[in-house]
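To keep things clear, I will list the structure first and then write my remarks on it.
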Amino acid sequence: MILFNGRYSWDGTKKDGRFPITWFPGAYDLKIFDRTNEKSGIKHLKPYICVYSETGEGQSISVNPEKFAKEICYEFSLDIEKVLWVEDLLSEKDRYNVIMFNRSGRLSDTVFYKTVKRKAFAAEIKQIEQGMAEAKES
């Protein structure tokens, strides 16, 4: 099931006491897939897939995607650690980077993460491409 398929943008201003993704406006193409109700009987460790790609509009989050991921989680009620985060590089070779957020500390209610990027594994690419095909159909 597709939770979101479109352009996600921000204006770079603080709202409701929450800091913006970046202090400059920006936009990314975003697709969020929910795999919790799949009929395969498989229970995924990361039941959501979030695929995002640059639009060329505004500030890039590629170097530091943590604020972007936290904002997406806040807006769509997701747990950052239960999402397979994928940056679509829109290239022919090595198209998908998986972004992993590993807890590195906590201060009050704020959790800090160390970000690690790696190329997607074959099984992950298969799941990503299935979701992307479903997004094209809808």
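Identifiers in this document derive from the order of the structure tokens: chains are assigned A, B, ..., residues are numbered from 1 separately in each chain, and ligands are numbered from 1 in order of occurrence.
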
Expected answer as a ChimeraX atom specification: strand (DSSP E or B) residues in stretch 3-109 of chain A | /A:3-10,15,18,26-34,48-58,83-88,96-107

Next, dump the selected residues to file, keeping only C-alpha atoms, as a PDB file, in the first residue's frame.
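Done, and the output landed in again.pdb:
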```pdb
ATOM      1  CA  LEU A   3       1.134   6.010   2.027  1.00  0.00           C
ATOM      2  CA  PHE A   4       2.532   8.891  -0.016  1.00  0.00           C
ATOM      3  CA  ASN A   5       3.587   9.407  -3.611  1.00  0.00           C
ATOM      4  CA  GLY A   6       4.469  12.930  -4.613  1.00  0.00           C
ATOM      5  CA  ARG A   7       6.622  15.970  -4.011  1.00  0.00           C
ATOM      6  CA  TYR A   8       7.450  16.719  -0.386  1.00  0.00           C
ATOM      7  CA  SER A   9       8.560  20.298   0.206  1.00  0.00           C
ATOM      8  CA  TRP A  10       9.440  22.599   3.083  1.00  0.00           C
ATOM      9  CA  LYS A  15       6.656  25.818  12.801  1.00  0.00           C
ATOM     10  CA  ARG A  18       9.803  22.355  15.383  1.00  0.00           C
ATOM     11  CA  GLY A  26      13.641  22.562  -0.650  1.00  0.00           C
ATOM     12  CA  ALA A  27      11.690  19.726  -2.222  1.00  0.00           C
ATOM     13  CA  TYR A  28      12.184  16.008  -2.786  1.00  0.00           C
ATOM     14  CA  ASP A  29      10.189  13.410  -4.653  1.00  0.00           C
ATOM     15  CA  LEU A  30       8.979  10.994  -1.997  1.00  0.00           C
ATOM     16  CA  LYS A  31       7.332   7.595  -1.983  1.00  0.00           C
ATOM     17  CA  ILE A  32       6.365   5.755   1.203  1.00  0.00           C
ATOM     18  CA  PHE A  33       5.283   2.111   1.000  1.00  0.00           C
ATOM     19  CA  ASP A  34       3.492   0.273   3.816  1.00  0.00           C
ATOM     20  CA  TYR A  48       7.883   0.701   5.654  1.00  0.00           C
ATOM     21  CA  ILE A  49      10.019   1.746   2.698  1.00  0.00           C
ATOM     22  CA  CYS A  50      10.712   5.432   2.118  1.00  0.00           C
ATOM     23  CA  VAL A  51      12.280   6.266  -1.258  1.00  0.00           C
ATOM     24  CA  TYR A  52      13.328   9.845  -1.844  1.00  0.00           C
ATOM     25  CA  SER A  53      15.143  11.618  -4.650  1.00  0.00           C
ATOM     26  CA  GLU A  54      16.372  15.125  -5.356  1.00  0.00           C
ATOM     27  CA  THR A  55      14.259  17.410  -7.491  1.00  0.00           C
ATOM     28  CA  GLY A  56      16.908  20.084  -7.957  1.00  0.00           C
ATOM     29  CA  GLU A  57      14.662  22.522  -6.111  1.00  0.00           C
ATOM     30  CA  GLY A  58      16.263  24.150  -3.093  1.00  0.00           C
ATOM     31  CA  VAL A  83      11.670   2.302   7.946  1.00  0.00           C
ATOM     32  CA  LEU A  84      13.952   1.195   5.129  1.00  0.00           C
ATOM     33  CA  TRP A  85      15.323   4.587   4.037  1.00  0.00           C
ATOM     34  CA  VAL A  86      16.359   4.673   0.392  1.00  0.00           C
ATOM     35  CA  GLU A  87      17.916   7.496  -1.574  1.00  0.00           C
ATOM     36  CA  ASP A  88      17.155   7.090  -5.269  1.00  0.00           C
ATOM     37  CA  TYR A  96      19.756   3.012  -4.663  1.00  0.00           C
ATOM     38  CA  ASN A  97      21.573   3.950  -1.464  1.00  0.00           C
ATOM     39  CA  VAL A  98      20.194   2.612   1.801  1.00  0.00           C
ATOM     40  CA  ILE A  99      20.503   5.031   4.703  1.00  0.00           C
ATOM     41  CA  MET A 100      20.741   3.430   8.130  1.00  0.00           C
ATOM     42  CA  PHE A 101      20.134   5.387  11.319  1.00  0.00           C
ATOM     43  CA  ASN A 102      21.914   3.893  14.316  1.00  0.00           C
ATOM     44  CA  ARG A 103      21.215   5.351  17.749  1.00  0.00           C
ATOM     45  CA  SER A 104      24.243   7.192  19.060  1.00  0.00           C
ATOM     46  CA  GLY A 105      22.828   9.041  22.060  1.00  0.00           C
ATOM     47  CA  ARG A 106      19.892  10.652  23.754  1.00  0.00           C
ATOM     48  CA  LEU A 107      19.261  13.976  25.442  1.00  0.00           C
TER      49      LEU A 107
END
```

Coordinates-based distance that separates atom CA of A:Pro65 from atom CA of A:Ile80 (Å, one decimal) =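 The value is 11.6 Å.
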
Residues of stretch 25-95 of chain A classed as alpha helix (DSSP H) by DSSP on the backbone are to be reported as a compact mmCIF listing (two decimals) with C-alpha atoms, in the first residue's frame.
```txt
# COMPACT_ATOMS: atom_id res chain seq x y z
CA GLU A 66 18.48 12.83 9.70
CA LYS A 67 16.27 15.94 10.01
CA PHE A 68 14.44 14.97 6.82
CA ALA A 69 13.80 11.44 8.12
CA LYS A 70 12.65 12.71 11.52
CA GLU A 71 10.23 15.16 9.88
CA ILE A 72 8.81 12.45 7.61
CA CYS A 73 8.36 10.19 10.65
CA TYR A 74 6.63 12.99 12.57
CA GLU A 75 4.28 13.83 9.71
CA PHE A 76 3.38 10.24 8.79
```

A:Lys82 surroundings by only C-alpha atoms, 9 Å radius, close-in-sequence under 4 positions cut, as a VMD selection string = chain A and resid 44 to 49 78

Those residues you just picked out, can you put them in a file as an mmCIF file, in the first residue's frame with N, CA, C and O atoms?
```
data_model
loop_
_atom_site.group_PDB
_atom_site.id
_atom_site.type_symbol
_atom_site.label_atom_id
_atom_site.label_comp_id
_atom_site.auth_asym_id
_atom_site.auth_seq_id
_atom_site.Cartn_x
_atom_site.Cartn_y
_atom_site.Cartn_z
ATOM 1 N N HIS A 44 7.971 -8.069 8.283
ATOM 2 C CA HIS A 44 9.214 -7.364 8.010
ATOM 3 C C HIS A 44 9.738 -6.655 9.251
ATOM 4 O O HIS A 44 8.966 -6.095 10.026
ATOM 5 N N LEU A 45 11.057 -6.663 9.422
ATOM 6 C CA LEU A 45 11.678 -5.894 10.496
ATOM 7 C C LEU A 45 11.513 -4.401 10.242
ATOM 8 O O LEU A 45 11.420 -3.606 11.164
ATOM 9 N N LYS A 46 11.511 -4.035 8.984
ATOM 10 C CA LYS A 46 11.288 -2.646 8.571
ATOM 11 C C LYS A 46 10.066 -2.656 7.652
ATOM 12 O O LYS A 46 10.195 -2.803 6.442
ATOM 13 N N PRO A 47 8.869 -2.507 8.246
ATOM 14 C CA PRO A 47 7.643 -2.657 7.460
ATOM 15 C C PRO A 47 7.317 -1.495 6.514
ATOM 16 O O PRO A 47 6.356 -1.567 5.763
ATOM 17 N N TYR A 48 8.110 -0.435 6.546
ATOM 18 C CA TYR A 48 7.883 0.701 5.654
ATOM 19 C C TYR A 48 9.132 0.938 4.811
ATOM 20 O O TYR A 48 10.248 0.751 5.279
ATOM 21 N N ILE A 49 8.919 1.358 3.575
ATOM 22 C CA ILE A 49 10.019 1.746 2.698
ATOM 23 C C ILE A 49 9.773 3.196 2.302
ATOM 24 O O ILE A 49 8.685 3.549 1.847
ATOM 25 N N LEU A 78 5.560 7.516 11.716
ATOM 26 C CA LEU A 78 6.433 6.362 11.513
ATOM 27 C C LEU A 78 7.523 6.348 12.568
ATOM 28 O O LEU A 78 7.854 7.373 13.141
#
```

Coordinates-based distance that separates atom CA of A:Val63 from atom CA of A:Ala133 (Å, one decimal) | 27.4 Å

Between atom CA of A:Ile2 and atom CA of A:Arg35 - distance in Å to one decimal | 8.9 Å

For A:Val111, which residue among A:Asn37, A:Thr22, A:Asp79, A:Gln127 is the nearest when counting only C-alpha atoms?
->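 Nearest to A:Val111: A:Asp79.
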
Using only C-alpha atoms: which of A:Pro20, A:Gly41, A:Pro25, A:Gly131 has the shortest distance to A:Met1 =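 Checking each of A:Pro20, A:Gly41, A:Pro25, A:Gly131 against A:Met1, counting only C-alpha atoms, the winner is A:Gly131.
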